[in-house]
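J.: The following file, entry18.cif, comprises mmCIF, C-alpha atoms, pLDDT in the B column; chains and numbers go by the auth columns:
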data_work
#
loop_
_atom_site.group_PDB
_atom_site.id
_atom_site.type_symbol
_atom_site.label_atom_id
_atom_site.label_comp_id
_atom_site.label_asym_id
_atom_site.label_seq_id
_atom_site.Cartn_x
_atom_site.Cartn_y
_atom_site.Cartn_z
_atom_site.B_iso_or_equiv
_atom_site.auth_seq_id
_atom_site.auth_asym_id
ATOM 1 C CA MET A 1 -4.983 19.881 -63.735 52.00 165 L
ATOM 2 C CA LYS A 2 -4.648 16.152 -63.080 56.00 166 L
ATOM 3 C CA HIS A 3 -7.735 14.007 -62.572 54.00 167 L
ATOM 4 C CA ARG A 4 -7.398 11.362 -59.941 61.00 168 L
ATOM 5 C CA PHE A 5 -9.125 8.164 -60.830 59.00 169 L
ATOM 6 C CA PRO A 6 -10.511 6.550 -57.656 64.00 170 L
ATOM 7 C CA LEU A 7 -8.862 3.102 -57.936 67.00 171 L
ATOM 8 C CA VAL A 8 -9.921 1.728 -54.568 65.00 172 L
ATOM 9 C CA PRO A 9 -13.702 2.069 -55.086 68.00 173 L
ATOM 10 C CA VAL A 10 -13.406 0.623 -58.613 70.00 174 L
ATOM 11 C CA PHE A 11 -11.328 -2.299 -57.331 71.00 175 L
ATOM 12 C CA MET A 12 -13.853 -2.984 -54.543 73.00 176 L
ATOM 13 C CA ALA A 13 -16.746 -2.883 -57.000 74.00 177 L
ATOM 14 C CA LEU A 14 -14.978 -5.330 -59.327 77.00 178 L
ATOM 15 C CA LEU A 15 -14.242 -7.616 -56.396 75.00 179 L
ATOM 16 C CA MET A 16 -17.907 -7.627 -55.292 79.00 180 L
ATOM 17 C CA VAL A 17 -19.219 -8.283 -58.810 77.00 181 L
ATOM 18 C CA SER A 18 -16.728 -11.104 -59.391 76.00 182 L
ATOM 19 C CA SER A 19 -17.587 -12.635 -56.001 76.00 183 L
ATOM 20 C CA ALA A 20 -21.286 -12.654 -56.872 75.00 184 L
ATOM 21 C CA ALA A 21 -20.558 -14.232 -60.255 75.00 185 L
ATOM 22 C CA LEU A 22 -18.336 -16.907 -58.700 73.00 186 L
ATOM 23 C CA ALA A 23 -21.003 -17.731 -56.125 74.00 187 L
ATOM 24 C CA VAL A 24 -23.446 -18.521 -58.926 70.00 188 L
ATOM 25 C CA VAL A 25 -20.914 -20.497 -60.963 68.00 189 L
ATOM 26 C CA LEU A 26 -19.536 -22.496 -58.017 68.00 190 L
ATOM 27 C CA LYS A 27 -22.890 -23.268 -56.382 69.00 191 L
ATOM 28 C CA PRO A 28 -23.141 -27.055 -55.831 61.00 192 L
ATOM 29 C CA HIS A 29 -25.791 -28.626 -58.029 56.00 193 L
ATOM 30 C CA GLU A 30 -25.688 -32.167 -56.680 55.00 194 L
ATOM 31 C CA ARG A 31 -26.571 -33.182 -53.172 57.00 195 L
ATOM 32 C CA LEU A 32 -23.793 -34.794 -51.182 56.00 196 L
ATOM 33 C CA ALA A 33 -26.073 -37.592 -49.928 55.00 197 L
ATOM 34 C CA GLU A 34 -26.609 -38.709 -53.519 61.00 198 L
ATOM 35 C CA GLU A 35 -22.845 -39.020 -54.026 66.00 199 L
ATOM 36 C CA LEU A 36 -22.273 -41.175 -50.939 65.00 200 L
ATOM 37 C CA PRO A 37 -23.091 -44.865 -50.569 71.00 201 L
ATOM 38 C CA ALA A 38 -26.635 -45.463 -49.344 74.00 202 L
ATOM 39 C CA LEU A 39 -26.941 -45.262 -45.573 79.00 203 L
ATOM 40 C CA SER A 40 -28.769 -48.009 -43.713 88.00 204 L
ATOM 41 C CA LEU A 41 -29.635 -46.962 -40.161 89.00 205 L
ATOM 42 C CA GLU A 42 -30.570 -50.563 -39.381 90.00 206 L
ATOM 43 C CA LYS A 43 -27.018 -51.690 -40.199 91.00 207 L
ATOM 44 C CA ALA A 44 -25.163 -48.589 -38.970 90.00 208 L
ATOM 45 C CA ILE A 45 -26.607 -48.497 -35.439 90.00 209 L
ATOM 46 C CA PRO A 46 -25.406 -51.393 -33.246 92.00 210 L
ATOM 47 C CA LYS A 47 -27.892 -53.864 -31.818 92.00 211 L
ATOM 48 C CA ARG A 48 -25.814 -54.075 -28.642 92.00 212 L
ATOM 49 C CA PHE A 49 -23.136 -51.955 -26.994 90.00 213 L
ATOM 50 C CA GLY A 50 -21.503 -52.372 -23.601 92.00 214 L
ATOM 51 C CA ASP A 51 -24.132 -53.812 -21.247 95.00 215 L
ATOM 52 C CA TRP A 52 -27.012 -52.664 -23.478 93.00 216 L
ATOM 53 C CA ARG A 53 -28.982 -54.796 -25.959 94.00 217 L
ATOM 54 C CA ILE A 54 -32.209 -54.324 -27.902 93.00 218 L
ATOM 55 C CA ASP A 55 -35.299 -55.020 -25.800 93.00 219 L
ATOM 56 C CA PRO A 56 -37.737 -56.798 -28.126 87.00 220 L
ATOM 57 C CA SER A 57 -40.542 -56.607 -25.532 87.00 221 L
ATOM 58 C CA VAL A 58 -40.969 -52.839 -25.971 80.00 222 L
ATOM 59 C CA THR A 59 -42.754 -51.836 -29.133 73.00 223 L
ATOM 60 C CA PRO A 60 -42.805 -48.227 -30.325 68.00 224 L
ATOM 61 C CA VAL A 61 -46.105 -46.381 -30.325 66.00 225 L
ATOM 62 C CA ASP A 62 -47.331 -46.307 -33.915 70.00 226 L
ATOM 63 C CA PRO A 63 -48.162 -42.794 -35.078 69.00 227 L
ATOM 64 C CA SER A 64 -51.562 -42.071 -36.553 70.00 228 L
ATOM 65 C CA PRO A 65 -51.792 -42.669 -40.328 79.00 229 L
ATOM 66 C CA ASP A 66 -51.685 -38.935 -41.134 78.00 230 L
ATOM 67 C CA VAL A 67 -48.596 -38.420 -38.938 70.00 231 L
ATOM 68 C CA GLN A 68 -46.956 -41.507 -40.507 75.00 232 L
ATOM 69 C CA ALA A 69 -47.655 -40.161 -44.018 79.00 233 L
ATOM 70 C CA ARG A 70 -46.031 -36.852 -43.063 73.00 234 L
ATOM 71 C CA LEU A 71 -42.994 -38.625 -41.586 71.00 235 L
ATOM 72 C CA ASP A 72 -42.643 -40.748 -44.737 72.00 236 L
ATOM 73 C CA SER A 73 -42.695 -37.621 -46.887 71.00 237 L
ATOM 74 C CA LEU A 74 -40.023 -35.881 -44.772 72.00 238 L
ATOM 75 C CA TYR A 75 -37.546 -38.638 -44.003 77.00 239 L
ATOM 76 C CA SER A 76 -35.743 -41.324 -45.976 80.00 240 L
ATOM 77 C CA GLN A 77 -35.393 -43.577 -42.929 83.00 241 L
ATOM 78 C CA LEU A 78 -36.711 -43.791 -39.394 83.00 242 L
ATOM 79 C CA LEU A 79 -35.209 -45.984 -36.701 85.00 243 L
ATOM 80 C CA GLY A 80 -36.682 -46.574 -33.278 85.00 244 L
ATOM 81 C CA ARG A 81 -35.164 -48.964 -30.764 89.00 245 L
ATOM 82 C CA THR A 82 -35.368 -49.585 -27.055 89.00 246 L
ATOM 83 C CA TYR A 83 -32.261 -50.901 -25.333 93.00 247 L
ATOM 84 C CA VAL A 84 -32.161 -52.600 -21.921 93.00 248 L
ATOM 85 C CA ASN A 85 -29.196 -53.280 -19.621 94.00 249 L
ATOM 86 C CA SER A 86 -28.647 -56.025 -17.024 96.00 250 L
ATOM 87 C CA ASN A 87 -30.263 -53.822 -14.319 96.00 251 L
ATOM 88 C CA GLY A 88 -33.473 -53.565 -16.339 93.00 252 L
ATOM 89 C CA ASP A 89 -32.885 -49.883 -17.179 91.00 253 L
ATOM 90 C CA ARG A 90 -34.240 -48.913 -20.576 87.00 254 L
ATOM 91 C CA ILE A 91 -33.286 -46.257 -23.066 86.00 255 L
ATOM 92 C CA MET A 92 -35.079 -45.445 -26.305 84.00 256 L
ATOM 93 C CA LEU A 93 -33.255 -44.290 -29.411 85.00 257 L
ATOM 94 C CA SER A 94 -35.092 -42.496 -32.205 81.00 258 L
ATOM 95 C CA ILE A 95 -33.352 -41.345 -35.367 81.00 259 L
ATOM 96 C CA ALA A 96 -35.004 -39.607 -38.305 77.00 260 L
ATOM 97 C CA TYR A 97 -32.775 -39.332 -41.374 78.00 261 L
ATOM 98 C CA GLY A 98 -33.564 -37.287 -44.448 74.00 262 L
ATOM 99 C CA ALA A 99 -31.247 -37.565 -47.457 68.00 263 L
ATOM 100 C CA ASP A 100 -32.672 -34.332 -48.884 64.00 264 L
ATOM 101 C CA GLN A 101 -32.280 -31.555 -46.325 60.00 265 L
ATOM 102 C CA SER A 102 -32.619 -28.691 -48.757 61.00 266 L
ATOM 103 C CA GLY A 103 -36.187 -27.693 -47.930 60.00 267 L
ATOM 104 C CA ASP A 104 -37.996 -26.311 -44.910 57.00 268 L
ATOM 105 C CA GLY A 105 -39.883 -29.574 -44.405 56.00 269 L
ATOM 106 C CA SER A 106 -36.764 -31.500 -43.415 55.00 270 L
ATOM 107 C CA GLN A 107 -35.651 -29.210 -40.634 60.00 271 L
ATOM 108 C CA VAL A 108 -35.353 -30.557 -37.112 66.00 272 L
ATOM 109 C CA HIS A 109 -38.627 -31.703 -35.569 68.00 273 L
ATOM 110 C CA ARG A 110 -38.559 -31.444 -31.821 80.00 274 L
ATOM 111 C CA PRO A 111 -39.961 -34.293 -29.693 86.00 275 L
ATOM 112 C CA GLU A 112 -42.278 -31.998 -27.738 86.00 276 L
ATOM 113 C CA PHE A 113 -44.243 -31.409 -30.953 82.00 277 L
ATOM 114 C CA CYS A 114 -43.968 -34.937 -32.364 79.00 278 L
ATOM 115 C CA TYR A 115 -45.105 -36.567 -29.110 84.00 279 L
ATOM 116 C CA THR A 116 -48.061 -34.187 -28.846 84.00 280 L
ATOM 117 C CA ALA A 117 -49.041 -35.026 -32.443 78.00 281 L
ATOM 118 C CA GLN A 118 -49.037 -38.720 -31.482 78.00 282 L
ATOM 119 C CA GLY A 119 -51.478 -38.175 -28.607 85.00 283 L
ATOM 120 C CA PHE A 120 -49.041 -37.735 -25.719 90.00 284 L
ATOM 121 C CA GLN A 121 -49.332 -34.928 -23.207 94.00 285 L
ATOM 122 C CA VAL A 122 -46.025 -33.220 -22.419 95.00 286 L
ATOM 123 C CA MET A 123 -46.085 -32.806 -18.643 95.00 287 L
ATOM 124 C CA ALA A 124 -42.566 -31.372 -18.162 95.00 288 L
ATOM 125 C CA ASN A 125 -40.268 -29.399 -20.443 95.00 289 L
ATOM 126 C CA ASN A 126 -36.957 -28.274 -18.908 95.00 290 L
ATOM 127 C CA VAL A 127 -33.537 -27.177 -20.093 96.00 291 L
ATOM 128 C CA GLY A 128 -30.622 -29.041 -18.524 94.00 292 L
ATOM 129 C CA SER A 129 -27.172 -30.391 -19.157 94.00 293 L
ATOM 130 C CA LEU A 130 -25.675 -33.832 -19.523 90.00 294 L
ATOM 131 C CA LEU A 131 -22.102 -34.376 -18.391 91.00 295 L
ATOM 132 C CA THR A 132 -20.092 -36.487 -20.858 87.00 296 L
ATOM 133 C CA GLN A 133 -16.428 -37.391 -21.065 88.00 297 L
ATOM 134 C CA TYR A 134 -16.129 -34.589 -23.643 88.00 298 L
ATOM 135 C CA GLY A 135 -17.752 -31.900 -21.510 91.00 299 L
ATOM 136 C CA SER A 136 -21.224 -30.672 -20.687 93.00 300 L
ATOM 137 C CA LEU A 137 -23.905 -31.115 -23.345 92.00 301 L
ATOM 138 C CA PRO A 138 -26.935 -28.766 -23.289 94.00 302 L
ATOM 139 C CA VAL A 139 -30.079 -30.893 -23.378 93.00 303 L
ATOM 140 C CA ARG A 140 -33.832 -30.580 -23.066 94.00 304 L
ATOM 141 C CA ARG A 141 -35.722 -32.940 -20.750 95.00 305 L
ATOM 142 C CA LEU A 142 -39.384 -33.770 -21.263 94.00 306 L
ATOM 143 C CA LEU A 143 -41.935 -36.048 -19.661 95.00 307 L
ATOM 144 C CA ALA A 144 -44.520 -37.293 -22.151 93.00 308 L
ATOM 145 C CA VAL A 145 -47.570 -39.184 -20.881 94.00 309 L
ATOM 146 C CA GLN A 146 -50.145 -41.202 -22.788 92.00 310 L
ATOM 147 C CA GLY A 147 -52.498 -43.209 -20.594 91.00 311 L
ATOM 148 C CA ARG A 148 -50.315 -45.366 -18.319 90.00 312 L
ATOM 149 C CA ARG A 149 -47.244 -44.882 -20.487 87.00 313 L
ATOM 150 C CA ASN A 150 -44.723 -42.338 -19.114 89.00 314 L
ATOM 151 C CA GLU A 151 -41.754 -41.468 -21.288 88.00 315 L
ATOM 152 C CA PRO A 152 -38.962 -39.358 -19.844 91.00 316 L
ATOM 153 C CA ILE A 153 -37.128 -37.840 -22.824 90.00 317 L
ATOM 154 C CA THR A 154 -33.683 -36.266 -22.971 90.00 318 L
ATOM 155 C CA TYR A 155 -32.619 -34.895 -26.325 87.00 319 L
ATOM 156 C CA TRP A 156 -30.135 -32.545 -27.922 84.00 320 L
ATOM 157 C CA ILE A 157 -29.674 -31.081 -31.360 79.00 321 L
#
Before anything else, please render the file you have as structure tokens.

T.:
Amino acid sequence: MKHRFPLVPVFMALLMVSSAALAVVLKPHERLAEELPALSLEKAIPKRFGDWRIDPSVTPVDPSPDVQARLDSLYSQLLGRTYVNSNGDRIMLSIAYGADQSGDGSQVHRPEFCYTAQGFQVMANNVGSLLTQYGSLPVRRLLAVQGRRNEPITYWI
């Protein structure tokens, strides 16, 4: 009587064990951001583009000291600018960059929570789309109010 050795299950088991071992051995140990040249948001983001230029008359709302301490612990750099065009239209740009994105603390922070933490009241929160030359971009539109300051916000992730 011949015994059949089940080759397929043994092969699959060896493949799974070797895959697990390779995953451990090949796991990256250095963060990519540390290998790249240092990023400067101030230099990387243009001060003017098309008909838009920085509006020095608009100053960002400073977060409370506890919120600022939290932001400093999460992000390597923060950039906030307001641009104005020749019609007087304004657009605000906010970028939060974290070189270390390995932990839960550096995950995306949505404006509806950040604005509320800075004392704004979010009066509108709607899903929408923004048509670009590359297609439709799903966005979220907010209206944040603090005293007489009204900030319509459109953002995407």

J.: Would you kindly return, as a VMD selection string, each protein, DNA or RNA residue with an atom no farther than 12 Å from any atom of Val248 (chain L), considering only C-alpha atoms and excluding same-chain residues fewer than 3 positions away?

T.: chain L and resid 211 to 222 245 251 to 257

J.: Tell me which residues the PyMOL selection byres ((chain L and resi 242) around 9) grabs here, as a PDB file with C-alpha atoms, keeping the file's coordinate frame.

T.:
ATOM      1  CA  LEU L 205     -29.635 -46.962 -40.161  1.00 89.00           C
ATOM      2  CA  LEU L 235     -42.994 -38.625 -41.586  1.00 71.00           C
ATOM      3  CA  ASP L 236     -42.643 -40.748 -44.737  1.00 72.00           C
ATOM      4  CA  TYR L 239     -37.546 -38.638 -44.003  1.00 77.00           C
ATOM      5  CA  SER L 240     -35.743 -41.324 -45.976  1.00 80.00           C
ATOM      6  CA  GLN L 241     -35.393 -43.577 -42.929  1.00 83.00           C
ATOM      7  CA  LEU L 243     -35.209 -45.984 -36.701  1.00 85.00           C
ATOM      8  CA  GLY L 244     -36.682 -46.574 -33.278  1.00 85.00           C
ATOM      9  CA  SER L 258     -35.092 -42.496 -32.205  1.00 81.00           C
ATOM     10  CA  ILE L 259     -33.352 -41.345 -35.367  1.00 81.00           C
ATOM     11  CA  ALA L 260     -35.004 -39.607 -38.305  1.00 77.00           C
ATOM     12  CA  TYR L 261     -32.775 -39.332 -41.374  1.00 78.00           C
ATOM     13  CA  GLY L 262     -33.564 -37.287 -44.448  1.00 74.00           C
TER      14      GLY L 262
END

J.: Just checking: using only C-alpha atoms, which residue out of L:Glu276, L:Leu203, L:Ala281, L:Thr246 ends up closest to Arg234 (chain L)?

T.: L:Ala281

J.: Work out how far CA of Gln297 (chain L) is from CA of Glu315 (chain L), in Å to one decimal.

T.: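 Between these atoms lies a distance of 25.7 Å.
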
J.: Restricting the calculation to only C-alpha atoms, which member of L:Thr318, L:Asn249, L:Ser204, L:Gln310 is positioned closest to Thr280 (chain L)?

T.: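 Residue with the minimum atom-to-atom distance to Thr280 (chain L): L:Gln310.
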
J.: What's the 8 Å shell around Trp320 (chain L), counting all atoms listed in the file, without same-chain residues fewer than 5 positions away, as a ChimeraX atom specification?

T.: /L:301-304

J.: Could those residues be written to a file, using C-alpha atoms, as a compact mmCIF listing (two decimals), in the frame of the given file?

T.:
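Heads up, here's the output in result-v6.txt:
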# COMPACT_ATOMS: atom_id res chain seq x y z
CA LEU L 301 -23.90 -31.12 -23.34
CA PRO L 302 -26.94 -28.77 -23.29
CA VAL L 303 -30.08 -30.89 -23.38
CA ARG L 304 -33.83 -30.58 -23.07

J.: Which value, in Å to one decimal, gives the distance between CA of Pro210 (chain L) and CA of Gln282 (chain L)?

T.: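 Separating CA of Pro210 (chain L) from CA of Gln282 (chain L) is a distance of 26.9 Å.
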
J.: So what do you get for CA of Asp230 (chain L) versus CA of Val286 (chain L), distance-wise?

T.: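 Going from CA of Asp230 (chain L) over to CA of Val286 (chain L) covers 20.4 Å.
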
J.: For region 284-297 of chain L, what centre and edge lengths in Å (one decimal) does the axis-aligned box get once 8 Å is added on each side of all its listed atoms, as AutoDock Vina command-line options?

T.:
--center_x -32.9 --center_y -32.5 --center_z -21.9 --size_x 48.9 --size_y 26.6 --size_z 23.6

J.: What's around Leu306 (chain L) at 7 Å? Count all atoms listed in the file, leave out sequence neighbours fewer than 3 positions away in its own chain, and write the answer as a tab-separated table (two decimals) with C-alpha atoms, in the coordinates of the input.

T.:
chain	number	residue	atom	x	y	z
L	286	VAL	CA	-46.02	-33.22	-22.42
L	288	ALA	CA	-42.57	-31.37	-18.16
L	289	ASN	CA	-40.27	-29.40	-20.44
L	290	ASN	CA	-36.96	-28.27	-18.91
L	316	PRO	CA	-38.96	-39.36	-19.84
L	317	ILE	CA	-37.13	-37.84	-22.82
L	318	THR	CA	-33.68	-36.27	-22.97
